[in-house]
Amino acid sequence: MAAAGKLSVVAIMVLIAAAISNSVFADPDPLQDVCVADLNNAVKMNGFACKASFSASDFFFAGLALPQPTNNLLGSTVTAANVMQIPGLNTLGVSMARIDFAPGGLNPPHTHPRATEIIFVLYGELDVGFITTANVLVPKTLKQGDIFTFPKGLVHFQINYQKGPAAAIAAFDSQNPGVQAIAATLFNATPPVSDSVLSKAFQISYQEVDAIKSKLGGKR
């Protein structure tokens, strides 16, 4: 009995160690050389089913080479390069994005629930920051060639206070990091979040809630 008890303790410790080890990675390790995503497959799983055949084009994307228009409400444009654009990233646990900023442009407060992010400033200057769960802001001014990291799941942002454009390349440790922009998530949800919830949470009037929803395209 004593020996069996010791074996049970060892087994539990091994399982805990395995769980901790696996939790270090944002995505699970691949079980084959490649598993190019079959984006048209109706089967739902953690990731995508593998295509029966693939080619070099499944691993290629030219979409980050050139700046994108930033004439929008926020003055910024994010161009994703994840598994949806590069099917060959399926099971590989990496992706990228390009963020272009007009003068005064903002990539608004948001989170990536499945990935840590690291950005490299291509040109211009950006003021960035993330907020810890203790509500501590960690800000930094970045110049061309600088790198900054945003921890997984924490709210963060980038803004271009300068008179010229700016751009950055971001990398993630997930094939599909996901993104939740805080304002759009709350004020542009479908079905809509109750005005009572938003009014009480932000200590604003129902009229102000409606005004924000109108600007963000949400349902009133």
# chains A, B, ... in the order shown; residues from 1 in each chain; ligands from 1
>>> residues_around(residues="Leu142 in chain A", least_positions_apart="2", cutoff="6 Å", atoms="only C-alpha atoms", output="CSV table (one decimal) with N, CA, C and O atoms, in the first residue's frame")
chain,number,residue,atom,x,y,z
A,125,GLU,N,8.4,57.2,-34.9
A,125,GLU,CA,8.5,57.1,-33.4
A,125,GLU,C,7.1,56.8,-32.8
A,125,GLU,O,6.1,57.3,-33.2
A,126,LEU,N,7.1,55.9,-31.9
A,126,LEU,CA,5.8,55.4,-31.3
A,126,LEU,C,5.9,55.5,-29.7
A,126,LEU,O,7.0,55.2,-29.2
A,146,ASP,N,13.9,50.3,-32.5
A,146,ASP,CA,13.7,49.8,-31.2
A,146,ASP,C,12.7,48.6,-31.1
A,146,ASP,O,11.9,48.4,-32.1
>>> residues_around(residues="Gly164 in chain A", least_positions_apart="5", cutoff="8 Å", atoms="only C-alpha atoms", output="list in words")
Ala102, Pro103 and Gly124 of chain A
>>> closest_residue(among="A:Thr111, A:Ser194, A:Thr79, A:Ser199", to="Ala65 in chain A", atoms="only C-alpha atoms")
A:Thr79
>>> residues_around(residues="Phe172 in chain A", least_positions_apart="5", cutoff="6 Å", atoms="only C-alpha atoms", output="list in words")
Val94, Ser95, Met96, Ala115, Thr116 and Glu117 of chain A
>>> write_last_selection(atoms="N, CA, C and O atoms", output="PDB file, in the first residue's frame")
ATOM      1  N   VAL A  94       3.644  30.547 -34.659  1.00  0.00           N
ATOM      2  CA  VAL A  94       4.180  31.889 -34.895  1.00  0.00           C
ATOM      3  C   VAL A  94       3.274  32.631 -35.872  1.00  0.00           C
ATOM      4  O   VAL A  94       2.553  32.026 -36.664  1.00  0.00           O
ATOM      5  N   SER A  95       3.318  33.955 -35.817  1.00  0.00           N
ATOM      6  CA  SER A  95       2.651  34.812 -36.797  1.00  0.00           C
ATOM      7  C   SER A  95       3.224  36.212 -36.674  1.00  0.00           C
ATOM      8  O   SER A  95       3.989  36.497 -35.755  1.00  0.00           O
ATOM      9  N   MET A  96       2.832  37.091 -37.609  1.00  0.00           N
ATOM     10  CA  MET A  96       3.340  38.458 -37.618  1.00  0.00           C
ATOM     11  C   MET A  96       2.226  39.414 -37.994  1.00  0.00           C
ATOM     12  O   MET A  96       1.115  39.005 -38.343  1.00  0.00           O
ATOM     13  N   ALA A 115      -1.400  35.117 -27.152  1.00  0.00           N
ATOM     14  CA  ALA A 115       0.001  35.313 -27.542  1.00  0.00           C
ATOM     15  C   ALA A 115       0.661  36.500 -26.850  1.00  0.00           C
ATOM     16  O   ALA A 115       0.019  37.514 -26.550  1.00  0.00           O
ATOM     17  N   THR A 116       1.959  36.359 -26.635  1.00  0.00           N
ATOM     18  CA  THR A 116       2.834  37.483 -26.325  1.00  0.00           C
ATOM     19  C   THR A 116       3.195  38.161 -27.641  1.00  0.00           C
ATOM     20  O   THR A 116       3.291  37.515 -28.678  1.00  0.00           O
ATOM     21  N   GLU A 117       3.382  39.484 -27.596  1.00  0.00           N
ATOM     22  CA  GLU A 117       3.713  40.248 -28.803  1.00  0.00           C
ATOM     23  C   GLU A 117       5.042  40.965 -28.611  1.00  0.00           C
ATOM     24  O   GLU A 117       5.326  41.484 -27.528  1.00  0.00           O
TER      25      GLU A 117
END
>>> closest_residue(among="A:Pro139, A:Gly153, A:Pro113, A:Pro67", to="Ile99 in chain A", atoms="only C-alpha atoms")
A:Pro67
>>> residues_around(residues="Ala81 in chain A", least_positions_apart="5", cutoff="12 Å", atoms="only C-alpha atoms", output="list in words")
Phe59, Phe60, Phe61, Ala62, Gly63, Leu64, Ala65, Ile86, Pro87, Gly88, Leu89, Val94, Ser95, Met96, Ala97, Arg98, Ile99, Ile169, Ala170, Ala171, Phe172, Ser174, Gln175, Asn176, Pro177 and Gly178 of chain A
>>> write_last_selection(atoms="C-alpha atoms", output="PDB file, in the first residue's frame")
ATOM      1  CA  PHE A  59       4.105  29.346 -46.694  1.00  0.00           C
ATOM      2  CA  PHE A  60       4.406  32.721 -48.483  1.00  0.00           C
ATOM      3  CA  PHE A  61       2.823  36.148 -47.951  1.00  0.00           C
ATOM      4  CA  ALA A  62       3.875  39.493 -49.444  1.00  0.00           C
ATOM      5  CA  GLY A  63       1.326  41.606 -47.597  1.00  0.00           C
ATOM      6  CA  LEU A  64       3.703  43.242 -45.101  1.00  0.00           C
ATOM      7  CA  ALA A  65       6.068  44.717 -47.680  1.00  0.00           C
ATOM      8  CA  ILE A  86      -0.409  31.884 -44.441  1.00  0.00           C
ATOM      9  CA  PRO A  87      -1.969  28.399 -44.103  1.00  0.00           C
ATOM     10  CA  GLY A  88       1.483  26.872 -43.625  1.00  0.00           C
ATOM     11  CA  LEU A  89       1.664  28.444 -40.160  1.00  0.00           C
ATOM     12  CA  VAL A  94       4.180  31.889 -34.895  1.00  0.00           C
ATOM     13  CA  SER A  95       2.651  34.812 -36.797  1.00  0.00           C
ATOM     14  CA  MET A  96       3.340  38.458 -37.618  1.00  0.00           C
ATOM     15  CA  ALA A  97       1.597  41.736 -38.403  1.00  0.00           C
ATOM     16  CA  ARG A  98       2.404  45.179 -39.729  1.00  0.00           C
ATOM     17  CA  ILE A  99       0.957  48.318 -38.119  1.00  0.00           C
ATOM     18  CA  ILE A 169       6.364  44.947 -37.415  1.00  0.00           C
ATOM     19  CA  ALA A 170       4.887  42.711 -34.716  1.00  0.00           C
ATOM     20  CA  ALA A 171       5.609  39.045 -34.033  1.00  0.00           C
ATOM     21  CA  PHE A 172       3.515  36.628 -31.951  1.00  0.00           C
ATOM     22  CA  SER A 174       0.810  31.862 -31.822  1.00  0.00           C
ATOM     23  CA  GLN A 175      -0.424  31.012 -35.300  1.00  0.00           C
ATOM     24  CA  ASN A 176      -3.610  32.910 -34.424  1.00  0.00           C
ATOM     25  CA  PRO A 177      -3.060  35.310 -31.502  1.00  0.00           C
ATOM     26  CA  GLY A 178      -6.563  36.762 -31.577  1.00  0.00           C
TER      27      GLY A 178
END
